[in-house]
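For reference, structure-v9.pdb is printed below; it contains PDB, C-alpha atoms and all ligand atoms.
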ATOM      1  CA  MET A   1     107.141 134.275 345.477
ATOM      2  CA  GLU A   2     108.894 136.027 342.595
ATOM      3  CA  LEU A   3     107.662 139.583 342.024
ATOM      4  CA  LYS A   4     106.403 140.254 338.500
ATOM      5  CA  ALA A   5     107.858 143.329 336.783
ATOM      6  CA  LYS A   6     105.367 146.061 335.965
ATOM      7  CA  ARG A   7     104.970 145.626 332.252
ATOM      8  CA  LEU A   8     103.642 149.042 331.272
ATOM      9  CA  GLU A   9     106.106 151.127 333.267
ATOM     10  CA  GLY A  10     106.861 154.400 331.469
ATOM     11  CA  ARG A  11     103.894 154.109 329.103
ATOM     12  CA  THR A  12     100.955 156.481 328.986
ATOM     13  CA  ALA A  13      97.551 155.061 328.131
ATOM     14  CA  ILE A  14      94.273 156.758 327.302
ATOM     15  CA  VAL A  15      91.235 154.597 327.953
ATOM     16  CA  THR A  16      87.991 156.057 326.617
ATOM     17  CA  GLY A  17      84.805 155.318 328.530
ATOM     18  CA  ALA A  18      86.944 154.291 331.506
ATOM     19  CA  ALA A  19      84.706 155.546 334.295
ATOM     20  CA  TYR A  20      82.813 152.241 334.386
ATOM     21  CA  GLY A  21      82.798 148.636 333.268
ATOM     22  CA  ILE A  22      85.412 147.192 330.947
ATOM     23  CA  GLY A  23      87.122 150.564 330.552
ATOM     24  CA  TYR A  24      87.518 150.933 334.305
ATOM     25  CA  ALA A  25      88.833 147.374 334.702
ATOM     26  CA  THR A  26      91.330 148.107 331.925
ATOM     27  CA  ALA A  27      92.460 151.318 333.598
ATOM     28  CA  GLU A  28      92.839 149.457 336.894
ATOM     29  CA  ARG A  29      94.945 146.736 335.241
ATOM     30  CA  PHE A  30      97.109 149.277 333.408
ATOM     31  CA  VAL A  31      97.720 151.192 336.641
ATOM     32  CA  ALA A  32      98.732 147.968 338.378
ATOM     33  CA  GLU A  33     101.183 147.367 335.522
ATOM     34  CA  GLY A  34     102.817 150.751 336.128
ATOM     35  CA  ALA A  35     101.304 152.832 333.302
ATOM     36  CA  ASN A  36     100.236 156.439 333.485
ATOM     37  CA  VAL A  37      96.519 156.204 332.831
ATOM     38  CA  VAL A  38      94.002 158.717 331.537
ATOM     39  CA  ILE A  39      90.402 158.004 332.504
ATOM     40  CA  ALA A  40      88.610 159.655 329.595
ATOM     41  CA  ASP A  41      84.847 159.796 329.820
ATOM     42  CA  ILE A  42      81.875 162.125 329.613
ATOM     43  CA  LYS A  43      80.768 161.358 333.165
ATOM     44  CA  GLY A  44      82.101 159.706 336.310
ATOM     45  CA  GLN A  45      85.771 160.122 335.392
ATOM     46  CA  GLU A  46      86.720 162.009 338.574
ATOM     47  CA  GLU A  47      85.090 159.407 340.833
ATOM     48  CA  ALA A  48      86.757 156.587 338.910
ATOM     49  CA  ALA A  49      90.169 158.209 339.286
ATOM     50  CA  GLU A  50      89.507 158.703 342.996
ATOM     51  CA  ARG A  51      88.677 155.020 343.373
ATOM     52  CA  LEU A  52      92.022 154.127 341.816
ATOM     53  CA  ARG A  53      93.826 156.394 344.296
ATOM     54  CA  ARG A  54      97.082 156.577 342.366
ATOM     55  CA  PRO A  55      99.210 159.606 341.453
ATOM     56  CA  ASN A  56      99.721 158.373 337.895
ATOM     57  CA  VAL A  57      96.015 158.602 337.028
ATOM     58  CA  LEU A  58      94.473 161.588 335.280
ATOM     59  CA  ALA A  59      90.719 162.072 334.958
ATOM     60  CA  LEU A  60      89.660 163.968 331.856
ATOM     61  CA  GLN A  61      86.303 164.792 330.403
ATOM     62  CA  ILE A  62      86.742 163.785 326.782
ATOM     63  CA  ASP A  63      83.713 163.418 324.543
ATOM     64  CA  VAL A  64      84.696 161.253 321.581
ATOM     65  CA  ARG A  65      81.911 162.899 319.528
ATOM     66  CA  ASP A  66      83.552 166.294 319.700
ATOM     67  CA  ASP A  67      86.746 167.343 317.867
ATOM     68  CA  ASP A  68      87.471 170.229 320.253
ATOM     69  CA  SER A  69      86.999 168.092 323.333
ATOM     70  CA  VAL A  70      89.323 165.429 321.917
ATOM     71  CA  ALA A  71      91.975 167.994 320.895
ATOM     72  CA  ALA A  72      91.884 169.679 324.313
ATOM     73  CA  GLY A  73      92.112 166.283 326.033
ATOM     74  CA  ILE A  74      95.103 165.186 323.968
ATOM     75  CA  ALA A  75      96.892 168.495 324.683
ATOM     76  CA  ARG A  76      96.273 168.045 328.391
ATOM     77  CA  VAL A  77      97.603 164.470 328.375
ATOM     78  CA  LEU A  78     100.792 165.581 326.631
ATOM     79  CA  GLU A  79     101.229 168.458 329.056
ATOM     80  CA  HIS A  80     100.702 166.156 332.054
ATOM     81  CA  PHE A  81     102.471 162.938 331.029
ATOM     82  CA  GLY A  82     104.562 163.977 327.982
ATOM     83  CA  SER A  83     103.543 161.155 325.624
ATOM     84  CA  ILE A  84     100.669 158.996 324.419
ATOM     85  CA  ASP A  85     101.664 155.382 323.866
ATOM     86  CA  ILE A  86      98.481 153.369 324.232
ATOM     87  CA  LEU A  87      94.906 154.129 323.215
ATOM     88  CA  VAL A  88      92.000 151.897 324.162
ATOM     89  CA  ASN A  89      88.874 152.777 322.186
ATOM     90  CA  ASN A  90      86.345 151.420 324.646
ATOM     91  CA  ALA A  91      83.669 154.145 324.818
ATOM     92  CA  ALA A  92      80.429 153.119 323.172
ATOM     93  CA  ILE A  93      76.698 153.397 323.282
ATOM     94  CA  SER A  94      75.524 149.878 324.030
ATOM     95  CA  ALA A  95      73.416 148.703 326.979
ATOM     96  CA  GLU A  96      71.200 151.786 326.911
ATOM     97  CA  LEU A  97      69.899 150.792 323.454
ATOM     98  CA  ARG A  98      66.508 149.099 323.623
ATOM     99  CA  PRO A  99      66.143 146.206 321.196
ATOM    100  CA  THR A 100      64.145 147.518 318.236
ATOM    101  CA  ARG A 101      63.338 145.620 315.026
ATOM    102  CA  PHE A 102      65.356 147.137 312.273
ATOM    103  CA  GLU A 103      62.402 148.545 310.333
ATOM    104  CA  ASP A 104      61.513 150.647 313.377
ATOM    105  CA  GLN A 105      64.998 152.010 314.066
ATOM    106  CA  LEU A 106      65.346 155.728 313.521
ATOM    107  CA  ILE A 107      68.015 157.240 311.300
ATOM    108  CA  ASN A 108      68.854 159.576 314.172
ATOM    109  CA  ASP A 109      69.551 156.605 316.434
ATOM    110  CA  TRP A 110      71.865 155.159 313.789
ATOM    111  CA  ARG A 111      73.685 158.510 313.661
ATOM    112  CA  ARG A 112      73.906 158.680 317.454
ATOM    113  CA  VAL A 113      75.388 155.169 317.672
ATOM    114  CA  TYR A 114      77.816 155.725 314.798
ATOM    115  CA  ASP A 115      78.950 159.082 316.157
ATOM    116  CA  VAL A 116      80.313 157.418 319.302
ATOM    117  CA  ASN A 117      81.019 153.810 318.307
ATOM    118  CA  VAL A 118      82.591 154.383 314.878
ATOM    119  CA  ILE A 119      83.413 158.035 314.236
ATOM    120  CA  GLY A 120      84.554 158.410 317.854
ATOM    121  CA  VAL A 121      87.140 155.697 317.240
ATOM    122  CA  PHE A 122      88.268 157.368 314.015
ATOM    123  CA  ARG A 123      88.500 160.707 315.824
ATOM    124  CA  MET A 124      90.618 159.293 318.675
ATOM    125  CA  CYS A 125      92.934 157.386 316.302
ATOM    126  CA  ARG A 126      93.433 160.509 314.205
ATOM    127  CA  ALA A 127      94.208 162.572 317.303
ATOM    128  CA  VAL A 128      96.871 160.230 318.712
ATOM    129  CA  SER A 129      98.390 159.388 315.329
ATOM    130  CA  PRO A 130     101.035 162.154 315.048
ATOM    131  CA  HIS A 131     102.326 161.417 318.554
ATOM    132  CA  MET A 132     102.554 157.658 318.109
ATOM    133  CA  ARG A 133     104.054 157.964 314.622
ATOM    134  CA  ARG A 134     106.691 160.387 315.842
ATOM    135  CA  ALA A 135     107.624 158.039 318.688
ATOM    136  CA  LYS A 136     107.644 155.034 316.289
ATOM    137  CA  TRP A 137     105.736 153.175 318.976
ATOM    138  CA  GLY A 138     102.056 152.838 319.656
ATOM    139  CA  ARG A 139      99.334 150.410 320.651
ATOM    140  CA  ILE A 140      95.699 150.904 319.762
ATOM    141  CA  VAL A 141      93.105 148.458 321.067
ATOM    142  CA  ASN A 142      89.527 148.639 319.825
ATOM    143  CA  LEU A 143      86.459 147.027 321.344
ATOM    144  CA  ALA A 144      84.115 145.102 319.080
ATOM    145  CA  SER A 145      81.362 142.680 320.141
ATOM    146  CA  GLY A 146      80.503 139.028 319.648
ATOM    147  CA  THR A 147      77.221 140.189 318.144
ATOM    148  CA  ALA A 148      79.140 141.347 315.049
ATOM    149  CA  PHE A 149      80.101 137.696 314.411
ATOM    150  CA  LYS A 150      76.847 136.033 315.392
ATOM    151  CA  GLY A 151      74.158 138.610 314.710
ATOM    152  CA  ALA A 152      71.332 139.278 317.149
ATOM    153  CA  PRO A 153      67.836 140.655 316.701
ATOM    154  CA  GLY A 154      66.887 144.238 317.495
ATOM    155  CA  MET A 155      70.377 145.742 317.568
ATOM    156  CA  LEU A 156      71.232 146.356 313.919
ATOM    157  CA  HIS A 157      72.747 149.819 314.436
ATOM    158  CA  TYR A 158      74.952 148.644 317.304
ATOM    159  CA  ILE A 159      76.006 145.446 315.531
ATOM    160  CA  ALA A 160      76.814 147.309 312.320
ATOM    161  CA  SER A 161      78.946 149.743 314.339
ATOM    162  CA  LYS A 162      80.893 146.846 315.875
ATOM    163  CA  GLY A 163      81.318 145.202 312.462
ATOM    164  CA  ALA A 164      82.875 148.478 311.347
ATOM    165  CA  ILE A 165      85.342 148.202 314.231
ATOM    166  CA  LEU A 166      86.518 144.767 313.032
ATOM    167  CA  ALA A 167      87.150 146.199 309.563
ATOM    168  CA  MET A 168      88.707 149.429 310.841
ATOM    169  CA  THR A 169      91.121 147.458 313.017
ATOM    170  CA  ARG A 170      92.506 145.636 309.976
ATOM    171  CA  SER A 171      92.667 148.686 307.794
ATOM    172  CA  LEU A 172      94.233 150.931 310.436
ATOM    173  CA  ALA A 173      96.861 148.247 311.075
ATOM    174  CA  THR A 174      97.934 148.484 307.424
ATOM    175  CA  GLU A 175      98.185 152.284 307.602
ATOM    176  CA  PHE A 176     100.169 152.371 310.822
ATOM    177  CA  GLY A 177     102.573 149.446 310.289
ATOM    178  CA  ASP A 178     105.516 151.496 308.982
ATOM    179  CA  ASP A 179     105.552 153.489 312.210
ATOM    180  CA  ASN A 180     105.325 150.509 314.558
ATOM    181  CA  VAL A 181     101.851 151.441 315.731
ATOM    182  CA  LEU A 182      99.945 148.196 316.261
ATOM    183  CA  VAL A 183      96.177 148.093 316.035
ATOM    184  CA  ASN A 184      94.228 145.172 317.453
ATOM    185  CA  CYS A 185      90.762 144.430 318.693
ATOM    186  CA  VAL A 186      89.103 142.595 321.554
ATOM    187  CA  SER A 187      85.616 141.259 321.019
ATOM    188  CA  PRO A 188      83.786 140.549 324.287
ATOM    189  CA  GLY A 189      80.734 138.403 324.677
ATOM    190  CA  LEU A 190      78.044 139.459 327.128
ATOM    191  CA  THR A 191      79.988 140.788 330.117
ATOM    192  CA  MET A 192      78.533 141.661 333.511
ATOM    193  CA  THR A 193      79.392 145.350 333.665
ATOM    194  CA  GLU A 194      77.271 147.775 335.715
ATOM    195  CA  SER A 195      75.438 149.014 332.641
ATOM    196  CA  VAL A 196      74.578 145.478 331.506
ATOM    197  CA  VAL A 197      73.414 144.341 334.934
ATOM    198  CA  ALA A 198      71.209 147.440 335.159
ATOM    199  CA  ALA A 199      69.615 146.743 331.762
ATOM    200  CA  ASP A 200      66.599 144.460 332.376
ATOM    201  CA  HIS A 201      66.061 143.872 328.685
ATOM    202  CA  ILE A 202      69.569 142.395 328.360
ATOM    203  CA  MET A 203      69.508 140.329 331.542
ATOM    204  CA  GLU A 204      66.081 138.887 330.684
ATOM    205  CA  ASN A 205      66.612 138.232 326.987
ATOM    206  CA  PHE A 206      70.301 137.537 326.444
ATOM    207  CA  GLN A 207      72.028 136.355 329.620
ATOM    208  CA  GLU A 208      70.848 132.733 329.495
ATOM    209  CA  PHE A 209      71.487 132.481 325.780
ATOM    210  CA  ALA A 210      75.002 133.914 326.192
ATOM    211  CA  MET A 211      75.866 131.399 328.923
ATOM    212  CA  SER A 212      74.507 128.410 327.001
ATOM    213  CA  SER A 213      76.428 129.346 323.847
ATOM    214  CA  ARG A 214      79.791 129.339 325.681
ATOM    215  CA  VAL A 215      82.326 126.612 326.224
ATOM    216  CA  LEU A 216      83.151 128.116 329.643
ATOM    217  CA  LYS A 217      79.876 128.127 331.565
ATOM    218  CA  ARG A 218      80.184 131.189 333.714
ATOM    219  CA  SER A 219      79.489 134.900 333.553
ATOM    220  CA  ALA A 220      82.170 137.099 332.036
ATOM    221  CA  THR A 221      83.667 139.846 334.186
ATOM    222  CA  ALA A 222      85.099 143.144 333.037
ATOM    223  CA  GLU A 223      88.497 141.836 334.206
ATOM    224  CA  ASP A 224      88.241 138.888 331.795
ATOM    225  CA  VAL A 225      88.076 141.362 328.936
ATOM    226  CA  ALA A 226      90.669 143.734 330.428
ATOM    227  CA  ASN A 227      93.173 140.856 330.493
ATOM    228  CA  ALA A 228      92.896 140.454 326.716
ATOM    229  CA  ILE A 229      93.161 144.226 326.231
ATOM    230  CA  PHE A 230      96.288 144.232 328.371
ATOM    231  CA  PHE A 231      97.909 141.615 326.112
ATOM    232  CA  PHE A 232      97.506 143.929 323.104
ATOM    233  CA  ALA A 233      98.910 146.877 325.068
ATOM    234  CA  SER A 234     101.925 144.973 326.302
ATOM    235  CA  ALA A 235     105.269 144.029 324.760
ATOM    236  CA  ASP A 236     104.032 140.437 324.447
ATOM    237  CA  SER A 237     102.027 141.373 321.347
ATOM    238  CA  ALA A 238     104.940 143.117 319.574
ATOM    239  CA  PHE A 239     104.479 141.082 316.350
ATOM    240  CA  VAL A 240     100.680 141.015 316.307
ATOM    241  CA  THR A 241      98.612 143.597 314.464
ATOM    242  CA  GLY A 242      95.254 143.819 312.712
ATOM    243  CA  GLN A 243      93.909 140.949 314.832
ATOM    244  CA  THR A 244      90.778 140.370 316.833
ATOM    245  CA  VAL A 245      90.644 138.186 319.914
ATOM    246  CA  THR A 246      87.258 137.034 321.108
ATOM    247  CA  ALA A 247      87.264 137.184 324.908
ATOM    248  CA  ASP A 248      83.954 135.434 325.385
ATOM    249  CA  GLY A 249      84.485 132.074 327.069
ATOM    250  CA  GLY A 250      84.613 130.245 323.744
ATOM    251  CA  SER A 251      81.396 131.388 322.139
ATOM    252  CA  VAL A 252      82.708 132.691 318.808
ATOM    253  CA  PHE A 253      85.602 130.709 317.311
ATOM    254  CA  HIS A 254      87.543 133.231 315.311
TER     255      HIS A 254
HETATM  256  N1  LIG B   1      79.451 144.604 328.464
HETATM  257  C1  LIG B   1      79.195 143.799 327.431
HETATM  258  O1  LIG B   1      78.432 142.814 327.529
HETATM  259  C2  LIG B   1      79.858 144.049 326.107
HETATM  260  C3  LIG B   1      79.749 143.046 325.125
HETATM  261  C4  LIG B   1      80.348 143.263 323.893
HETATM  262  C5  LIG B   1      81.035 144.445 323.659
HETATM  263  N2  LIG B   1      81.122 145.383 324.636
HETATM  264  C6  LIG B   1      81.847 146.616 324.331
HETATM  265  O2  LIG B   1      82.811 146.836 325.327
HETATM  266  C7  LIG B   1      82.936 148.242 325.588
HETATM  267  C8  LIG B   1      82.675 148.549 327.052
HETATM  268  O3  LIG B   1      81.461 147.973 327.443
HETATM  269  P1  LIG B   1      80.847 148.269 328.889
HETATM  270  O4  LIG B   1      79.749 147.317 329.099
HETATM  271  O5  LIG B   1      81.935 148.389 329.880
HETATM  272  O6  LIG B   1      80.234 149.712 328.581
HETATM  273  P2  LIG B   1      79.626 150.813 329.597
HETATM  274  O7  LIG B   1      78.346 151.272 328.991
HETATM  275  O8  LIG B   1      79.618 150.299 330.991
HETATM  276  O9  LIG B   1      80.710 151.940 329.499
HETATM  277  C9  LIG B   1      80.839 152.719 328.350
HETATM  278  C10 LIG B   1      81.475 153.990 328.773
HETATM  279  O10 LIG B   1      81.571 154.860 327.630
HETATM  280  C11 LIG B   1      81.279 156.159 328.059
HETATM  281  N3  LIG B   1      80.870 156.986 326.925
HETATM  282  C12 LIG B   1      79.678 156.964 326.268
HETATM  283  N4  LIG B   1      79.660 157.928 325.326
HETATM  284  C13 LIG B   1      80.859 158.546 325.381
HETATM  285  C14 LIG B   1      81.442 159.614 324.661
HETATM  286  N5  LIG B   1      80.739 160.274 323.725
HETATM  287  N6  LIG B   1      82.701 160.008 324.954
HETATM  288  C15 LIG B   1      83.400 159.372 325.938
HETATM  289  N7  LIG B   1      82.905 158.357 326.664
HETATM  290  C16 LIG B   1      81.641 157.953 326.389
HETATM  291  C17 LIG B   1      80.173 155.978 329.091
HETATM  292  O11 LIG B   1      80.034 157.126 329.922
HETATM  293  C18 LIG B   1      80.667 154.742 329.835
HETATM  294  O12 LIG B   1      81.500 155.055 330.915
HETATM  295  C19 LIG B   1      81.969 148.933 324.642
HETATM  296  O13 LIG B   1      82.654 149.279 323.459
HETATM  297  C20 LIG B   1      80.952 147.836 324.357
HETATM  298  O14 LIG B   1      80.276 148.029 323.136
HETATM  299  C21 LIG B   1      80.546 145.219 325.856
END

Rewrite the coordinates I just gave you, this time as structure tokens.
Amino acid sequence: MELKAKRLEGRTAIVTGAAYGIGYATAERFVAEGANVVIADIKGQEEAAERLRRPNVLALQIDVRDDDSVAAGIARVLEHFGSIDILVNNAAISAELRPTRFEDQLINDWRRVYDVNVIGVFRMCRAVSPHMRRAKWGRIVNLASGTAFKGAPGMLHYIASKGAILAMTRSLATEFGDDNVLVNCVSPGLTMTESVVAADHIMENFQEFAMSSRVLKRSATAEDVANAIFFFASADSAFVTGQTVTADGGSVFH
């Protein structure tokens, strides 16, 4: 069998929220493709890096809500690997949110969700920008959600935050184009990550509906989503920017 070349050799990628779930699967795929990978998370990052058992993996505690934490993390990545080529904005508050009718949602919960899911993405993009612009090469991949296309009850704050990601992806692409920094988005449907499987309210209320609304009648794995993220990080997407791919088994046609 012909050996496939490692397609991210020489690239350094930061994956936020990479200790678990889709972020971890993405980190694992990037490592297999030869990238230097930073597992950036607020918890579990050391254990995740240990599981990957590779020298080109760096675990860092980076809290996307905190400017100082992000700045220190970026400095450490540059010191360790010398560049930042790929950023995957995966960290989010999601499965832990209990469905709550919108009239009962608290302003503080909206702020908490936006601080991670929206402002966290802005903060990370702003932090990597000078390095990617200088290199005239960069790939940013954001994570949205099928719920931003379809709507769903009880999750207005989360869904609004993911709608913002769709819009930010397009707008950031226009700002970064001159410097060959491409910004794209992957929108998963319900995906069986640890946090989803552990959330009874999701498994009971949404799993059946998610399966029945798909063309491909099976559960989605974190690897299914990581594959789409990898496409946007790789050279194969060199003329694609501002786009969103729905990696959801054919539930949303976008
Ligand atoms: N799993 C799904 O069904 C699904 C569906 C649609 C969209 N998504 C999106 O895909 C992404 C990953 O989903 P998942 O299910 O793997 O999520 P997850 O909850 O398993 O992982 C999210 C990670 O983000 C980290 N995180 C939270 N706050 C952080 C912060 N302030 N700074 C840094 N890291 C932080 C968490 O520690 C965790 O490791 C999220 O953006 C989510 O909204 C997931």

ask   = Taking only C-alpha atoms and all ligand atoms into account, which of A:Phe102, A:Tyr20, A:Phe122, A:Trp110 comes nearest ligand LIG 1 (chain B)?
value =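 Of all the options, A:Tyr20 lies closest to ligand LIG 1 (chain B).
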
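The smallest atom-to-atom distance between A:Arg170 and any of A:Pro99, A:Gly242, A:Gly21, A:Gly189, using all atoms listed in the file, is found for A:Gly242.
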
request  = For A:Thr12, list every protein, DNA or RNA residue within 9 Å, evaluated using all atoms listed in the file, and leave out those in the same chain fewer than 4 positions away; present the list as a PyMOL selection string.
outcome  = chain A and resi 8+35-38+77+81-87

query = When the PyMOL selection byres (((chain A and resi 57) around 8) and not hetatm) is applied to the file above, which residues end up in the set, as an MDAnalysis selection string?
reply = chainID A and resid 31 36:39 49 52:56 58:59

Writing out the chosen residues with C-alpha atoms as an mmCIF file, in the frame of the given file:
data_model
loop_
_atom_site.group_PDB
_atom_site.id
_atom_site.type_symbol
_atom_site.label_atom_id
_atom_site.label_comp_id
_atom_site.auth_asym_id
_atom_site.auth_seq_id
_atom_site.Cartn_x
_atom_site.Cartn_y
_atom_site.Cartn_z
ATOM 1 C CA VAL A 31 97.720 151.192 336.641
ATOM 2 C CA ASN A 36 100.236 156.439 333.485
ATOM 3 C CA VAL A 37 96.519 156.204 332.831
ATOM 4 C CA VAL A 38 94.002 158.717 331.537
ATOM 5 C CA ILE A 39 90.402 158.004 332.504
ATOM 6 C CA ALA A 49 90.169 158.209 339.286
ATOM 7 C CA LEU A 52 92.022 154.127 341.816
ATOM 8 C CA ARG A 53 93.826 156.394 344.296
ATOM 9 C CA ARG A 54 97.082 156.577 342.366
ATOM 10 C CA PRO A 55 99.210 159.606 341.453
ATOM 11 C CA ASN A 56 99.721 158.373 337.895
ATOM 12 C CA LEU A 58 94.473 161.588 335.280
ATOM 13 C CA ALA A 59 90.719 162.072 334.958
#

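Minimum distance to ligand LIG 1 (chain B) across A:Thr221, A:Ser171, A:Asn205, A:Thr191 (counting all atoms listed in the file) occurs at A:Thr191.
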
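Each of A:Asp236, A:Asp104, A:Asp224, A:Asp115 was compared to ligand LIG 1 (chain B) using only C-alpha atoms and all ligand atoms, and A:Asp115 turns out to be the nearest.
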
inquiry  = Taking only C-alpha atoms and all ligand atoms and a cut-off of 7 Å, can you tell me which residues surround ligand LIG 1 (chain B), written as a VMD selection string?
reply    = chain A and resid 16 to 23 40 to 43 62 to 65 90 to 95 116 143 to 146 187 to 196 222

inquiry  = I'd like the interatomic distance between atom CA of A:Asn184 and atom CA of A:Gln243, to a tenth of an Å.
reply    =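 Atom-to-atom, atom CA of A:Asn184 to atom CA of A:Gln243, that is 5.0 Å.
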
ask   = To one decimal place, how far is atom CA of A:Phe239 from atom CA of A:Asp179 in Å?
value =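 Pair atom CA of A:Phe239 / atom CA of A:Asp179 returns 13.1 Å.
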
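In terms of minimum interatomic distance to A:Glu28, A:Ile229 ranks closest within A:Ile229, A:Leu97, A:Ala164, A:Ala5, counting only C-alpha atoms.
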
Which residues are close to A:Leu182, i.e. within 9 Å by only C-alpha atoms, leaving aside same-chain residues fewer than 2 positions away? Reply as a CSV table (one decimal) with C-alpha atoms, keeping the file's coordinate frame.
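As a result, around02.csv now contains:
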chain,number,residue,atom,x,y,z
A,137,TRP,CA,105.7,153.2,319.0
A,138,GLY,CA,102.1,152.8,319.7
A,139,ARG,CA,99.3,150.4,320.7
A,140,ILE,CA,95.7,150.9,319.8
A,141,VAL,CA,93.1,148.5,321.1
A,172,LEU,CA,94.2,150.9,310.4
A,173,ALA,CA,96.9,148.2,311.1
A,176,PHE,CA,100.2,152.4,310.8
A,177,GLY,CA,102.6,149.4,310.3
A,179,ASP,CA,105.6,153.5,312.2
A,180,ASN,CA,105.3,150.5,314.6
A,184,ASN,CA,94.2,145.2,317.5
A,232,PHE,CA,97.5,143.9,323.1
A,233,ALA,CA,98.9,146.9,325.1
A,237,SER,CA,102.0,141.4,321.3
A,238,ALA,CA,104.9,143.1,319.6
A,239,PHE,CA,104.5,141.1,316.4
A,240,VAL,CA,100.7,141.0,316.3
A,241,THR,CA,98.6,143.6,314.5
A,242,GLY,CA,95.3,143.8,312.7

request  = Determine the nearest neighbour of A:Ala199 from the options A:Arg7, A:Arg98, A:Arg134, A:Arg29, counting all atoms listed in the file.
outcome  =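 Once distances to A:Ala199 are computed over all atoms listed in the file, the minimum belongs to A:Arg98.
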